[in-house]
file structure33.cif (mmCIF, C-alpha atoms)
data_upload
loop_
_atom_site.label_atom_id
_atom_site.label_comp_id
_atom_site.auth_asym_id
_atom_site.auth_seq_id
_atom_site.Cartn_x
_atom_site.Cartn_y
_atom_site.Cartn_z
CA MET A 1 -19.71 18.89 -13.46
CA ARG A 2 -16.99 16.44 -14.52
CA ALA A 3 -17.18 15.09 -18.06
CA ASP A 4 -17.26 11.44 -16.95
CA ILE A 5 -20.25 12.12 -14.69
CA LYS A 6 -22.09 13.87 -17.53
CA THR A 7 -21.36 10.95 -19.87
CA ALA A 8 -22.60 8.38 -17.34
CA LEU A 9 -25.78 10.38 -16.69
CA GLU A 10 -26.46 10.74 -20.42
CA LYS A 11 -26.06 6.98 -20.85
CA ASN A 12 -28.66 6.37 -18.13
CA LYS A 13 -31.07 8.89 -19.64
CA GLU A 14 -30.61 7.35 -23.08
CA ILE A 15 -31.64 3.85 -21.99
CA ASN A 16 -34.31 4.86 -19.49
CA ARG A 17 -36.63 7.73 -20.27
CA LEU A 18 -38.08 7.61 -16.74
CA PHE A 19 -34.67 8.41 -15.21
CA ASN A 20 -34.24 11.99 -14.05
CA THR A 21 -31.97 13.86 -11.68
CA PHE A 22 -34.61 16.20 -10.25
CA GLY A 23 -33.68 17.24 -6.71
CA PHE A 24 -30.20 15.68 -6.84
CA LYS A 25 -28.20 18.17 -8.95
CA LYS A 26 -26.24 19.59 -5.99
CA ASN A 27 -25.40 16.10 -4.77
CA TYR A 28 -23.98 15.20 -8.19
CA GLU A 29 -21.72 18.23 -7.85
CA ARG A 30 -20.79 17.41 -4.24
CA ILE A 31 -19.77 13.83 -4.97
CA GLU A 32 -16.98 15.21 -7.14
CA ASN A 33 -15.19 16.24 -3.93
CA TYR A 34 -14.70 12.56 -3.11
CA LEU A 35 -13.45 11.45 -6.52
CA SER A 36 -9.76 11.42 -7.31
CA GLU A 37 -8.41 12.77 -10.57
CA ASP A 38 -7.16 9.35 -11.65
CA GLU A 39 -10.50 7.54 -11.35
CA THR A 40 -13.26 7.47 -13.93
CA VAL A 41 -16.99 7.39 -13.22
CA LEU A 42 -18.50 4.57 -15.30
CA TYR A 43 -22.03 4.54 -13.87
CA ILE A 44 -23.90 7.03 -11.71
CA ARG A 45 -27.52 7.51 -10.69
CA ASN A 46 -29.69 8.76 -7.89
CA GLY A 47 -31.99 6.31 -6.19
CA ASN A 48 -33.16 4.77 -2.96
CA VAL A 49 -30.89 2.24 -1.28
CA LYS A 50 -31.07 -0.06 1.66
CA ILE A 51 -27.67 -0.88 3.13
CA ASP A 52 -26.87 -4.19 4.79
CA ASN A 53 -30.19 -5.83 4.09
CA SER A 54 -29.86 -9.43 5.20
CA GLY A 55 -33.29 -10.40 3.95
CA GLU A 56 -34.46 -11.81 0.68
CA LEU A 57 -34.01 -9.71 -2.44
CA LYS A 58 -37.38 -8.01 -2.98
CA GLU A 59 -38.30 -5.41 -5.55
CA SER A 60 -40.23 -2.67 -3.80
CA GLY A 61 -39.70 0.53 -5.73
CA PHE A 62 -42.83 2.15 -4.31
CA SER A 63 -41.78 1.67 -0.68
CA ILE A 64 -39.19 3.96 0.91
CA LYS A 65 -39.29 2.34 4.34
CA ASP A 66 -35.74 1.94 5.72
CA LYS A 67 -34.25 3.36 2.51
CA THR A 68 -32.05 6.38 1.92
CA PRO A 69 -32.04 8.65 -1.16
CA VAL A 70 -28.45 8.58 -2.45
CA ILE A 71 -26.16 9.01 -5.40
CA LEU A 72 -24.63 5.66 -6.33
CA ALA A 73 -21.47 5.97 -8.41
CA ILE A 74 -19.35 3.18 -9.82
CA THR A 75 -15.83 4.15 -10.79
CA ASP A 76 -12.99 2.04 -12.10
CA LYS A 77 -11.76 1.72 -8.48
CA ARG A 78 -14.78 1.64 -6.16
CA VAL A 79 -18.51 1.93 -5.58
CA LEU A 80 -19.54 5.11 -3.77
CA ILE A 81 -22.84 5.62 -1.97
CA TYR A 82 -23.24 9.32 -1.22
CA PHE A 83 -25.99 10.90 0.90
CA ARG A 84 -26.51 14.52 1.86
CA VAL A 85 -29.58 16.30 3.20
CA LEU A 86 -29.19 19.68 4.91
CA PHE A 87 -26.24 19.25 7.29
CA ASP A 88 -26.16 15.44 7.32
CA GLU A 89 -23.63 13.94 4.96
CA LYS A 90 -22.45 10.36 4.57
CA LEU A 91 -20.20 8.49 2.15
CA GLU A 92 -19.82 4.73 2.06
CA GLN A 93 -17.40 2.99 -0.26
CA ILE A 94 -16.81 -0.49 -1.53
CA PRO A 95 -13.50 -1.15 -3.27
CA ILE A 96 -14.04 -3.04 -6.53
CA LYS A 97 -11.71 -5.84 -5.38
CA GLU A 98 -14.01 -6.51 -2.38
CA ILE A 99 -17.18 -7.06 -4.43
CA ARG A 100 -18.20 -10.69 -4.17
CA THR A 101 -21.56 -10.84 -5.95
CA PHE A 102 -24.21 -8.72 -7.57
CA ASP A 103 -27.74 -9.90 -8.12
CA PHE A 104 -30.98 -8.43 -9.32
CA LYS A 105 -34.66 -9.19 -9.20
CA ARG A 106 -37.10 -7.59 -11.58
CA ASN A 107 -40.84 -7.44 -11.60
CA GLY A 108 -41.66 -6.68 -15.24
CA LEU A 109 -44.51 -4.37 -14.30
CA THR A 110 -43.31 -2.13 -11.51
CA SER A 111 -39.67 -2.11 -10.44
CA SER A 112 -36.44 -3.97 -9.89
CA VAL A 113 -33.76 -4.09 -7.25
CA PHE A 114 -30.04 -4.59 -7.73
CA ARG A 115 -27.86 -5.87 -4.86
CA ILE A 116 -24.11 -5.42 -4.66
CA THR A 117 -22.49 -7.54 -1.95
CA SER A 118 -18.95 -7.09 -0.66
CA LEU A 119 -16.96 -8.65 2.14
CA THR A 120 -18.42 -6.30 4.75
CA LYS A 121 -21.70 -4.84 3.43
CA SER A 122 -24.45 -5.03 0.87
CA VAL A 123 -26.30 -2.31 -1.01
CA ASP A 124 -29.80 -2.78 -2.48
CA LEU A 125 -30.56 -0.16 -5.15
CA ASP A 126 -34.12 0.38 -6.39
CA LEU A 127 -34.36 0.68 -10.17
CA THR A 128 -37.21 0.99 -12.63
CA CYS A 129 -38.48 -2.11 -14.41
CA ASN A 130 -36.40 -1.22 -17.50
CA ALA A 131 -34.33 -4.28 -18.46
CA ASP A 132 -31.74 -2.12 -20.26
CA GLU A 133 -31.06 -0.20 -17.06
CA VAL A 134 -30.34 -3.42 -15.16
CA LYS A 135 -28.17 -4.64 -18.05
CA LEU A 136 -26.12 -1.42 -18.03
CA LEU A 137 -25.40 -1.76 -14.31
CA ASN A 138 -24.67 -5.47 -14.65
CA ASP A 139 -22.32 -4.97 -17.63
CA THR A 140 -20.47 -2.14 -15.85
CA LEU A 141 -19.74 -4.35 -12.84
CA LEU A 142 -18.85 -7.37 -14.98
CA THR A 143 -16.14 -5.44 -16.81
CA LEU A 144 -14.62 -4.33 -13.51
CA ILE A 145 -14.44 -7.61 -11.60
CA LYS A 146 -12.97 -9.80 -14.34
#
call {"tool": "encode", "arguments": {"input": "structure33.cif", "output": "structure tokens"}}
result
Amino acid sequence: MRADIKTALEKNKEINRLFNTFGFKKNYERIENYLSEDETVLYIRNGNVKIDNSGELKESGFSIKDKTPVILAITDKRVLIYFRVLFDEKLEQIPIKEIRTFDFKRNGLTSSVFRITSLTKSVDLDLTCNADEVKLLNDTLLTLIK
């Protein structure tokens, strides 16, 4: 596994003790095939996402309806949403320069959701209710879009 991926995973595990990579190890290794040598992974995690949700931002970490289990990686160049189960594989990308907004909604007791919106799509990522986890993702994106 690449050193930048290991560092990003360790950062997530440090701030959120509930975060684990169980069942996603192979996908973390597979996403490396889509990373170029000159880009650095700043944030990476597995989670459930809903792509192109036009509805209101709702935290629903316990519902997997219409969601896909993915690896979400943020590099210094783009956001990657990688999915693979058996023979189905999918990669969606959002160049950093196309990101228009990112918002979150947190219910202090159960979960939170983080939305990244670009010119052509949006990605809603389910997170735990850990405020530090949301802050890490927010700070990572803020440093990139300045």
call {"tool": "closest_residue", "arguments": {"input": "structure33.cif", "among": "A:Asp88, A:Asp76, A:Glu98, A:Asp38", "to": "A:Ser122", "atoms": "only C-alpha atoms"}}
result
A:Glu98
call {"tool": "resolve_selection", "arguments": {"input": "structure33.cif", "expression": "the PyMOL selection byres ((chain A and resi 9-17) around 9)", "output": "mmCIF file with C-alpha atoms, in the coordinates of the input"}}
result
data_model
loop_
_atom_site.group_PDB
_atom_site.id
_atom_site.type_symbol
_atom_site.label_atom_id
_atom_site.label_comp_id
_atom_site.auth_asym_id
_atom_site.auth_seq_id
_atom_site.Cartn_x
_atom_site.Cartn_y
_atom_site.Cartn_z
ATOM 1 C CA ASP A 4 -17.260 11.440 -16.950
ATOM 2 C CA ILE A 5 -20.250 12.120 -14.690
ATOM 3 C CA LYS A 6 -22.090 13.870 -17.530
ATOM 4 C CA THR A 7 -21.360 10.950 -19.870
ATOM 5 C CA ALA A 8 -22.600 8.380 -17.340
ATOM 6 C CA LEU A 18 -38.080 7.610 -16.740
ATOM 7 C CA PHE A 19 -34.670 8.410 -15.210
ATOM 8 C CA ASN A 20 -34.240 11.990 -14.050
ATOM 9 C CA THR A 21 -31.970 13.860 -11.680
ATOM 10 C CA TYR A 43 -22.030 4.540 -13.870
ATOM 11 C CA ILE A 44 -23.900 7.030 -11.710
ATOM 12 C CA ARG A 45 -27.520 7.510 -10.690
ATOM 13 C CA THR A 128 -37.210 0.990 -12.630
ATOM 14 C CA ASN A 130 -36.400 -1.220 -17.500
ATOM 15 C CA ASP A 132 -31.740 -2.120 -20.260
ATOM 16 C CA GLU A 133 -31.060 -0.200 -17.060
ATOM 17 C CA LEU A 136 -26.120 -1.420 -18.030
#
call {"tool": "resolve_selection", "arguments": {"input": "structure33.cif", "expression": "the PyMOL selection byres ((chain A and resi 100) around 12)", "output": "ChimeraX atom specification"}}
result
/A:94-99,101-103,115-122,141-142,144-146
call {"tool": "residues_around", "arguments": {"input": "structure33.cif", "residues": "A:Phe114", "least_positions_apart": "3", "cutoff": "12 Å", "atoms": "only C-alpha atoms", "output": "PyMOL selection string"}}
result
chain A and resi 47-51+53+56-61+72+101-107+111+117+122-129+131+133-138+141
call {"tool": "write_last_selection", "arguments": {"input": "structure33.cif", "atoms": "C-alpha atoms", "output": "PDB file, in the coordinates of the input"}}
result
ATOM      1  CA  GLY A  47     -31.990   6.310  -6.190  1.00  0.00           C
ATOM      2  CA  ASN A  48     -33.160   4.770  -2.960  1.00  0.00           C
ATOM      3  CA  VAL A  49     -30.890   2.240  -1.280  1.00  0.00           C
ATOM      4  CA  LYS A  50     -31.070  -0.060   1.660  1.00  0.00           C
ATOM      5  CA  ILE A  51     -27.670  -0.880   3.130  1.00  0.00           C
ATOM      6  CA  ASN A  53     -30.190  -5.830   4.090  1.00  0.00           C
ATOM      7  CA  GLU A  56     -34.460 -11.810   0.680  1.00  0.00           C
ATOM      8  CA  LEU A  57     -34.010  -9.710  -2.440  1.00  0.00           C
ATOM      9  CA  LYS A  58     -37.380  -8.010  -2.980  1.00  0.00           C
ATOM     10  CA  GLU A  59     -38.300  -5.410  -5.550  1.00  0.00           C
ATOM     11  CA  SER A  60     -40.230  -2.670  -3.800  1.00  0.00           C
ATOM     12  CA  GLY A  61     -39.700   0.530  -5.730  1.00  0.00           C
ATOM     13  CA  LEU A  72     -24.630   5.660  -6.330  1.00  0.00           C
ATOM     14  CA  THR A 101     -21.560 -10.840  -5.950  1.00  0.00           C
ATOM     15  CA  PHE A 102     -24.210  -8.720  -7.570  1.00  0.00           C
ATOM     16  CA  ASP A 103     -27.740  -9.900  -8.120  1.00  0.00           C
ATOM     17  CA  PHE A 104     -30.980  -8.430  -9.320  1.00  0.00           C
ATOM     18  CA  LYS A 105     -34.660  -9.190  -9.200  1.00  0.00           C
ATOM     19  CA  ARG A 106     -37.100  -7.590 -11.580  1.00  0.00           C
ATOM     20  CA  ASN A 107     -40.840  -7.440 -11.600  1.00  0.00           C
ATOM     21  CA  SER A 111     -39.670  -2.110 -10.440  1.00  0.00           C
ATOM     22  CA  THR A 117     -22.490  -7.540  -1.950  1.00  0.00           C
ATOM     23  CA  SER A 122     -24.450  -5.030   0.870  1.00  0.00           C
ATOM     24  CA  VAL A 123     -26.300  -2.310  -1.010  1.00  0.00           C
ATOM     25  CA  ASP A 124     -29.800  -2.780  -2.480  1.00  0.00           C
ATOM     26  CA  LEU A 125     -30.560  -0.160  -5.150  1.00  0.00           C
ATOM     27  CA  ASP A 126     -34.120   0.380  -6.390  1.00  0.00           C
ATOM     28  CA  LEU A 127     -34.360   0.680 -10.170  1.00  0.00           C
ATOM     29  CA  THR A 128     -37.210   0.990 -12.630  1.00  0.00           C
ATOM     30  CA  CYS A 129     -38.480  -2.110 -14.410  1.00  0.00           C
ATOM     31  CA  ALA A 131     -34.330  -4.280 -18.460  1.00  0.00           C
ATOM     32  CA  GLU A 133     -31.060  -0.200 -17.060  1.00  0.00           C
ATOM     33  CA  VAL A 134     -30.340  -3.420 -15.160  1.00  0.00           C
ATOM     34  CA  LYS A 135     -28.170  -4.640 -18.050  1.00  0.00           C
ATOM     35  CA  LEU A 136     -26.120  -1.420 -18.030  1.00  0.00           C
ATOM     36  CA  LEU A 137     -25.400  -1.760 -14.310  1.00  0.00           C
ATOM     37  CA  ASN A 138     -24.670  -5.470 -14.650  1.00  0.00           C
ATOM     38  CA  LEU A 141     -19.740  -4.350 -12.840  1.00  0.00           C
TER      39      LEU A 141
END
call {"tool": "atom_distance", "arguments": {"input": "structure33.cif", "atom1": "atom CA of A:Val113", "atom2": "atom CA of A:Lys25"}}
result
23.0 Å
call {"tool": "resolve_selection", "arguments": {"input": "structure33.cif", "expression": "the PyMOL selection byres ((chain A and resi 75) around 7)", "output": "ChimeraX atom specification"}}
result
/A:39-43,73-74,76-79
call {"tool": "residues_around", "arguments": {"input": "structure33.cif", "residues": "stretch 30-33 of chain A", "least_positions_apart": "3", "cutoff": "9 Å", "atoms": "only C-alpha atoms", "output": "PyMOL selection string"}}
result
chain A and resi 1-2+5+25-27+36+71+73+80+82+84+91
call {"tool": "atom_distance", "arguments": {"input": "structure33.cif", "atom1": "atom CA of A:Leu35", "atom2": "atom CA of A:Ser54"}}
result
29.0 Å
call {"tool": "atom_distance", "arguments": {"input": "structure33.cif", "atom1": "atom CA of A:Asn46", "atom2": "atom CA of A:Val70"}}
result
5.6 Å
call {"tool": "closest_residue", "arguments": {"input": "structure33.cif", "among": "A:Thr143, A:Glu29, A:Ile64, A:Tyr34", "to": "A:Ile81", "atoms": "all atoms listed in the file"}}
result
A:Tyr34
call {"tool": "closest_residue", "arguments": {"input": "structure33.cif", "among": "A:Lys90, A:Ala3, A:Asp52, A:Phe83", "to": "A:Asp66", "atoms": "only C-alpha atoms"}}
result
A:Asp52
call {"tool": "axis_aligned_box", "arguments": {"input": "structure33.cif", "around": "stretch 23-32 of chain A", "padding_each_side": "3 Å", "output": "lines of an AutoDock Vina configuration file"}}
result
center_x = -25.3
center_y = 16.7
center_z = -6.6
size_x = 22.7
size_y = 11.8
size_z = 10.7
